[in-house]
2 protein chains.
Amino acid sequence: MLTRVRSAVAHLVSSGGAPPPRPKSPDLPSATAAPPAAAPEAPKSPPARPGSGSRAPAKTAEARASFSRPTFLQLSPGGLRRADDHAGRAVQSPPDTGRRLPWSTGYAEVINAGKSRHNEDQACCEVVYVEGRRSISGAPRESSRGQGLCFYYWGLFDGHAGGGAAEMACRLLHRHVQEQLKDLVDILQDPSPPPLCLPSTPGTPGFSDRSHLVGPQPCWSLQKEVSHESLVIGAIENAFQLMGEEGTVTLSVVWPGQDEQMARERRGHQVEGGCCALVVVYLLGKVYVANAGDSRAIIVRNGEIIPMSREFTPETERQRLQLLGFLKPELLGSEFTHLEFPRRIQPKELGQRMLYRDQNMTGWAYKKIELEDLRFPLVSGEGKKARVMATIGVTRGLGDHNLKVCSSTLPIKPFLSCFPEVQVYDLTQYEHCPDDVLVLGTDGLWDVTNDCEVAATVDRVLSAYEPNDPSRYTALAQALVLGARGTPRDRGWHLPNNKLGSGDDISVFVIPLGGPGSYS
Amino acid sequence: MLTRVRSAVAHLVSSGGAPPPRPKSPDLPSATAAPPAAAPEAPKSPPARPGSGSRAPAKTAEARASFSRPTFLQLSPGGLRRADDHAGRAVQSPPDTGRRLPWSTGYAEVINAGKSRHNEDQACCEVVYVEGRRSISGAPRESSRGQGLCFYYWGLFDGHAGGGAAEMACRLLHRHVQEQLKDLVDILQDPSPPPLCLPSTPGTPGFSDRSHLVGPQPCWSLQKEVSHESLVIGAIENAFQLMGEEGTVTLSVVWPGQDEQMARERRGHQVEGGCCALVVVYLLGKVYVANAGDSRAIIVRNGEIIPMSREFTPETERQRLQLLGFLKPELLGSEFTHLEFPRRIQPKELGQRMLYRDQNMTGWAYKKIELEDLRFPLVSGEGKKARVMATIGVTRGLGDHNLKVCSSTLPIKPFLSCFPEVQVYDLTQYEHCPDDVLVLGTDGLWDVTNDCEVAATVDRVLSAYEPNDPSRYTALAQALVLGARGTPRDRGWHLPNNKLGSGDDISVFVIPLGGPGSYS
C-alpha cells in the first residue's frame, strides 16, 4: 500500500519507520468468547478460539517493539524475523498443526520488496459473542430470548505511511461492531419487523417489553419498513465511523468496565499512518462484506465470479471529491482547484482552452484557462498513479488524521471517508460445495492479477486436494500469494515496473462457504 | 408528472394554469437544416425536416395561447381540442400521411385524467446540422475536412407545476447541444485523439492547423487520453447545464446573429414550472441517451432488454441530497434536517431512540431523539410518494427556479440537479433487425408497466406488421400508451388509486435501431 502514498509525504505523518510502542498493560481483553451452547443462531459446533489478530506473543518483546504479525500465524522469534525479510519474501501461513482458523479459513501473506520497513498489512480473524446491553443495575439484561448473538469476523487492513492505523483497526474494529450490535441482540432474533422507535435508555425496565415500543402512527405518510439486514449494515457502518474517529488523541468509546484503564493509557497516543479496511461479518445466515479502500473481495462459486466489493480510489470517487472541493473551497487552500484537467497546465497556456471536468461531468469539454486553473487539480493522474491532492491514492479507510499535503499544512483527511460500502450475501440461498470460497485480498494481490485468474487458481488448487482436507484453503491462499509475488527464480519483485510480480505487501484470506470442514 | 409535485405548492410557482404568452416575433429560427449532400458522416438520405416540436401552427392562435402540442402531430384546431380533452383521453400520433419522423420513429401521447389543466409533457424530434465555429471575419471557418456534422435528436420533456419549462426545453435544448458541438466539428471527424489544449479563440487563423495545438508535455505525470465519445458526453452535459441556467430572468446564451432579438424579448420572461428531460442524440454511429429525471429509456434487442437510463428521485439520490444538506445546513433553513427517519417524529418522543440514516449510511441505526430531529426530514416518503422537502418527487431536470417549500420562502432548486446521466450505445457493434427498438417513455408509462411488459408489447405489435412497414413503430407507440392509459371501457384512469391505468400524461417515442425503413 505504501506505493499509494507519495513517499515524500510519509515523513510528514510519521516519525520514522517504526510504529510507536504498544501499550503494555493491561492487555486488551479478548473479544473472543464461546457462545452459549444452545444459542439458536450460533454455529453448529463451538467456535475455535484463535488469538486476536494483533496480539504478538509476549516473549518476543524485541520484535514486538518493532513490528507485529497476526498472532494466528504463531510465529517464533526466528519466524518473525523471516517474515520481516524483504529479500527472502517467504510466504507466511498459520501452521498446519494446532487449532485451525474458524471455518478452516486459509490465510497467507508476504512482506513487500523493501518499499516500507515492515509489512504494513494486518489481518484479524475472530469469533465474537455479543451479549445484550446490560441493565442499569449491572446485571445482565433479561432478554426476551435469553440468548446473545455470535458473529464470525475476518478483517484485512492494508496500512500506508506507517503501521499504526492498521494495527489499531485490527485490534479494535470488531469490538466496535460488537458494541454496535449490543442493542440489536433481541431485535435481530425476533422475526417481526424492527421497531422504529425504542424507549430512551437501553436496559431500563421494560426495554424488552415490546408493548412499550412506539408503534406506527398515521402521520406525514406511511412509515418505512426497515429490515433486519439493514440494521446490521448500519451497525457495521457506525463501527467503521467510530473507528475512523479514533486514533490520534483520545478514544471516543470506553469499553465498559475493565477497558477504561487501557483507554486512559492510549490517550495522547499518536497513531501513525492510515489503512484500508476490508471486513467480513457472518451473522444469522448472511455474509456482510464491508470495504473502505482498494482491497477486494470476490466469491468464486461453482467457477462463477461474484464481486463482493468495489474499490474506492481517486478515480472511482472523483465526483464525490470534486463536489466536496466545490462546496467547501476552503478545504482546497490556495494550492488546489476542484476542476480536473488531463494534465498539468503551464502558466504560458493562460488564455488558451483546455479540456476539463467538473464535479457534475463524466464527459470532457474545453474551457478557457484562467489564473486559478493553474492550481494543482484536487484529483490527478490515472490508475495506480491517481492521487488526491498529489498525495494519496486511496480515498476511503481509517486513520490518516495527520496526513498533510507535501510542503503544506493543508489536511487531506476531510476528503477521505471512513465509511465502507457493505454488500450482503445470503449463505442460505444456495447449497454451497467445498470448492465455493470467498477470497479477500489487499491490492498487492489485485494489482498483478484479476478475478478470472484467481478463479482459475481456486479451481486448480482445490481440485488437487481432497474436499474434506481442511488444509486446502491455506494451500490456496499460499498459491495466490506466491502467484502474485513472483518467484525467487525470476526475482520479479526486485524489478522496477516489474510485470511479473508485486513488490507490495500481499495478504489473502480464503473463506470456504460450505462443505465438510467448514463452519468448524 | 404533476403527481410528483405537491399540488399545494403549485400555486406558489405559477400564476395559474395558463402558460405565459409565447414570444411572437421573430420566431425562433429553426435549428433544422439539411446537411451537405456529401457529408461523410451524414445519414444516407437527406434528413426529413419535421417542424420544431413546440411551434404550434400559426393559424391556431387561440389554442396556442393556452397550450401547445408537438408540431409533428400536425393537429388541426379540432384535433388540438381533442388532444386537450381529459375525458376522452384520445391517443395522439403523427398522421399516417405526409412526411414521417426521421428513422420512421413512432410517437404517441395522451393527456392526463384531469390532474393538470393541459398536457405538460412535450416532445421534440429534430435533425440538426452543426457547422464548425465561424471565424472572426464572419466567413465560415475553413475546416480541415470542410464538412459539418449532423446529429439526430429526440427529446421527451415531462413538465410539472406548469408547462413553461418543458416548452422551453423542447424549443431550445437541441440548440444548446448544437452550440456545444460547434467547437468539436473537426475534432470529432479526426481519428487521432482529441487535443488536450486549443488556442484561445475558436476561429482565429490557425485554429484548424493542428500543428498549432499544444501537444503533450512531460510534466506532473502522464497525460490522460480523452476519447471522442467523452467529448460528446461533455457537450450534452454542458448543454443541459446551460439550459438549466436559463429560464427565469435572462438567457445566458445569445445565439449568434439573428437570435439576439429573441433573447432580448425573453429577458424578464418568467418560465413556469420544471420538467424532466430524456434526450437521445445519434452522432457518428453512436446513440447517446441523456436522462435528468424519472423518464426511462430501454433498448429491446432481439427480445433482450438493455436499460439505457436510471431514474433520479429522492430515493435514488438520497445520499447526494443529504450530503448537500449536511455540508450546507443553511439550505435547510430551520424547518428541515438532513437526517432521514422512517416516519415523522412526535414531540412527545423526545429522548427516545429512533431509527435514522445520515448521508453516509445505507443501513439504519438508532439514535436518541434530540430537539432538531423534530424538524421535517429533507428526504421523506417512499416510492412515488418520496419527496424532497415534502414538495417534489423528482431530483433532476430543468426549470423549477422559483420552486419554494409550501408556506415558506425556502428554495428547493439548490437540491435539484440539471445534469443528466449519459449512457452510450454503439450502433455499429451489432447488426440490428427491424424489430430492435429504443423506447423512451415519461413516467406515466413506467408507473403502470415495466420493462418486460414493454418488451412483450414490442414483440406482439411489431410481429403483426410487415418488417418494412414504416407505420409499425407508431402503432407500437400507440399500443404502449393505450396499454398504460387503460381503456375507456374500464375507465381505469378515473378511479382513485386505480391499478388499471395511469392518470398521468404519457408520451412515448419508439426509435427503430435498424432494418428497412430506418435511417430515413
# chains A, B, ... in the order shown; residues from 1 in each chain; ligands from 1
call {"tool": "residues_around", "arguments": {"residues": "region 428-440 of chain B", "least_positions_apart": "3", "cutoff": "7 Å", "atoms": "only C-alpha atoms", "output": "list of chain:residue names"}}
result
B:Gly285, B:Arg296, B:Ala297, B:Ile298, B:Ile299, B:Val300, B:Arg301, B:Asn302, B:Leu462, B:Pro467, B:Val508, B:Phe509, B:Val510, B:Ile511, B:Pro512, B:Leu513, B:Gly514, B:Gly515, B:Pro516
call {"tool": "interface_residues", "arguments": {"of": "chain B", "to": "chain A", "cutoff": "6 Å", "atoms": "only C-alpha atoms", "output": "ChimeraX atom specification"}}
result
/B:196-200,223-224,230-231,233-234,342-343,351-355,363-365
call {"tool": "atom_distance", "arguments": {"atom1": "CA of Lys413 (chain B)", "atom2": "CA of Leu242 (chain B)"}}
result
15.2 Å
call {"tool": "atom_distance", "arguments": {"atom1": "CA of Ala87 (chain A)", "atom2": "CA of Ile506 (chain A)"}}
result
14.8 Å
call {"tool": "select_by_dssp", "arguments": {"residues": "region 367-475 of chain B", "states": "strand (DSSP E)", "output": "list in words"}}
result
Lys367, Lys368, Phe376, Pro377, Val379, Ser380, Arg387, Val388, Leu398, Gly399, Glu421, Val422, Gln423, Val424, Tyr425, Asp426, Val437, Leu438, Val439, Leu440 and Gly441 of chain B
call {"tool": "residues_around", "arguments": {"residues": "region 166-174 of chain B", "least_positions_apart": "3", "cutoff": "6 Å", "atoms": "only C-alpha atoms", "output": "PyMOL selection string"}}
result
chain B and resi 54+122+124+157+159+163+177+275
call {"tool": "closest_residue", "arguments": {"among": "B:Val289, B:Val388, B:Ala484, B:Leu283", "to": "Gln322 (chain B)", "atoms": "only C-alpha atoms"}}
result
B:Val388
call {"tool": "atom_distance", "arguments": {"atom1": "CA of Leu374 (chain B)", "atom2": "CA of Thr409 (chain B)"}}
result
19.8 Å
call {"tool": "closest_residue", "arguments": {"among": "B:Asp158, B:Asp426, B:Glu126, B:Glu179", "to": "Met308 (chain B)", "atoms": "only C-alpha atoms"}}
result
B:Asp426
call {"tool": "decode", "arguments": {"residues": "region 74-89 of chain B", "atoms": "all heavy atoms", "output": "compact mmCIF listing (two decimals), in the first residue's frame"}}
result
# COMPACT_ATOMS: atom_id res chain seq x y z
N GLN B 74 -49.13 17.59 -36.25
CA GLN B 74 -49.91 18.26 -37.30
C GLN B 74 -51.39 18.32 -36.92
O GLN B 74 -52.27 17.97 -37.70
CB GLN B 74 -49.72 17.54 -38.64
CG GLN B 74 -48.26 17.49 -39.09
CD GLN B 74 -48.05 16.66 -40.35
OE1 GLN B 74 -48.87 16.69 -41.28
NE2 GLN B 74 -46.96 15.92 -40.40
N LEU B 75 -51.65 18.77 -35.70
CA LEU B 75 -53.03 18.80 -35.22
C LEU B 75 -53.81 19.96 -35.81
O LEU B 75 -53.30 21.09 -35.84
CB LEU B 75 -53.05 18.90 -33.69
CG LEU B 75 -52.51 17.68 -32.93
CD1 LEU B 75 -52.46 17.96 -31.43
CD2 LEU B 75 -53.37 16.46 -33.22
N SER B 76 -55.00 19.69 -36.26
CA SER B 76 -55.93 20.76 -36.66
C SER B 76 -56.47 21.40 -35.39
O SER B 76 -56.29 20.86 -34.29
CB SER B 76 -57.06 20.15 -37.47
OG SER B 76 -57.82 19.30 -36.62
N PRO B 77 -57.15 22.55 -35.52
CA PRO B 77 -57.76 23.14 -34.31
C PRO B 77 -58.66 22.15 -33.59
O PRO B 77 -58.64 22.05 -32.36
CB PRO B 77 -58.54 24.33 -34.87
CG PRO B 77 -57.83 24.70 -36.12
CD PRO B 77 -57.30 23.41 -36.70
N GLY B 78 -59.41 21.38 -34.34
CA GLY B 78 -60.27 20.37 -33.72
C GLY B 78 -59.45 19.29 -33.05
O GLY B 78 -59.75 18.85 -31.93
N GLY B 79 -58.39 18.88 -33.71
CA GLY B 79 -57.50 17.86 -33.14
C GLY B 79 -56.85 18.35 -31.87
O GLY B 79 -56.69 17.60 -30.90
N LEU B 80 -56.51 19.62 -31.87
CA LEU B 80 -55.88 20.20 -30.69
C LEU B 80 -56.86 20.18 -29.51
O LEU B 80 -56.47 19.90 -28.38
CB LEU B 80 -55.46 21.64 -31.02
CG LEU B 80 -54.28 22.23 -30.25
CD1 LEU B 80 -53.06 21.34 -30.31
CD2 LEU B 80 -53.95 23.61 -30.78
N ARG B 81 -58.14 20.45 -29.81
CA ARG B 81 -59.13 20.40 -28.73
C ARG B 81 -59.29 18.97 -28.20
O ARG B 81 -59.38 18.74 -27.00
CB ARG B 81 -60.49 20.94 -29.23
CG ARG B 81 -60.61 22.46 -29.16
CD ARG B 81 -62.03 22.92 -29.39
NE ARG B 81 -62.53 22.56 -30.73
CZ ARG B 81 -62.35 23.30 -31.82
NH1 ARG B 81 -61.68 24.43 -31.75
NH2 ARG B 81 -62.83 22.90 -32.98
N ARG B 82 -59.30 18.01 -29.13
CA ARG B 82 -59.43 16.61 -28.69
C ARG B 82 -58.22 16.18 -27.86
O ARG B 82 -58.35 15.45 -26.88
CB ARG B 82 -59.58 15.68 -29.90
CG ARG B 82 -60.99 15.63 -30.47
CD ARG B 82 -61.16 14.50 -31.47
NE ARG B 82 -60.30 14.65 -32.65
CZ ARG B 82 -60.57 15.44 -33.68
NH1 ARG B 82 -61.66 16.19 -33.68
NH2 ARG B 82 -59.74 15.52 -34.70
N ALA B 83 -57.03 16.68 -28.26
CA ALA B 83 -55.82 16.33 -27.51
C ALA B 83 -55.85 16.90 -26.09
O ALA B 83 -55.14 16.43 -25.21
CB ALA B 83 -54.58 16.84 -28.24
N ASP B 84 -56.71 17.93 -25.91
CA ASP B 84 -56.77 18.61 -24.61
C ASP B 84 -57.96 18.12 -23.78
O ASP B 84 -58.30 18.71 -22.77
CB ASP B 84 -56.88 20.13 -24.87
CG ASP B 84 -56.42 20.95 -23.67
OD1 ASP B 84 -55.56 20.45 -22.90
OD2 ASP B 84 -56.92 22.07 -23.50
N ASP B 85 -58.58 17.04 -24.23
CA ASP B 85 -59.81 16.58 -23.59
C ASP B 85 -59.50 15.51 -22.55
O ASP B 85 -59.15 14.37 -22.88
CB ASP B 85 -60.76 16.04 -24.68
CG ASP B 85 -61.98 15.35 -24.07
OD1 ASP B 85 -62.26 15.60 -22.88
OD2 ASP B 85 -62.62 14.56 -24.79
N HIS B 86 -59.63 15.87 -21.29
CA HIS B 86 -59.30 14.94 -20.21
C HIS B 86 -60.26 13.76 -20.13
O HIS B 86 -59.92 12.71 -19.58
CB HIS B 86 -59.34 15.67 -18.86
CG HIS B 86 -58.35 16.79 -18.74
ND1 HIS B 86 -57.02 16.57 -18.53
CD2 HIS B 86 -58.51 18.13 -18.82
CE1 HIS B 86 -56.39 17.74 -18.46
NE2 HIS B 86 -57.28 18.70 -18.64
N ALA B 87 -61.48 13.93 -20.62
CA ALA B 87 -62.46 12.86 -20.50
C ALA B 87 -62.23 11.79 -21.56
O ALA B 87 -62.17 10.60 -21.26
CB ALA B 87 -63.87 13.43 -20.62
N GLY B 88 -62.05 12.23 -22.80
CA GLY B 88 -61.86 11.27 -23.88
C GLY B 88 -60.50 10.62 -23.86
O GLY B 88 -60.35 9.43 -24.11
N ARG B 89 -59.50 11.40 -23.53
CA ARG B 89 -58.10 10.91 -23.50
C ARG B 89 -57.74 10.14 -24.76
O ARG B 89 -57.26 9.01 -24.71
CB ARG B 89 -57.83 10.07 -22.24
CG ARG B 89 -57.99 10.83 -20.94
CD ARG B 89 -57.47 10.04 -19.76
NE ARG B 89 -56.02 10.03 -19.69
CZ ARG B 89 -55.31 9.20 -18.95
NH1 ARG B 89 -55.90 8.29 -18.23
NH2 ARG B 89 -53.99 9.26 -18.94
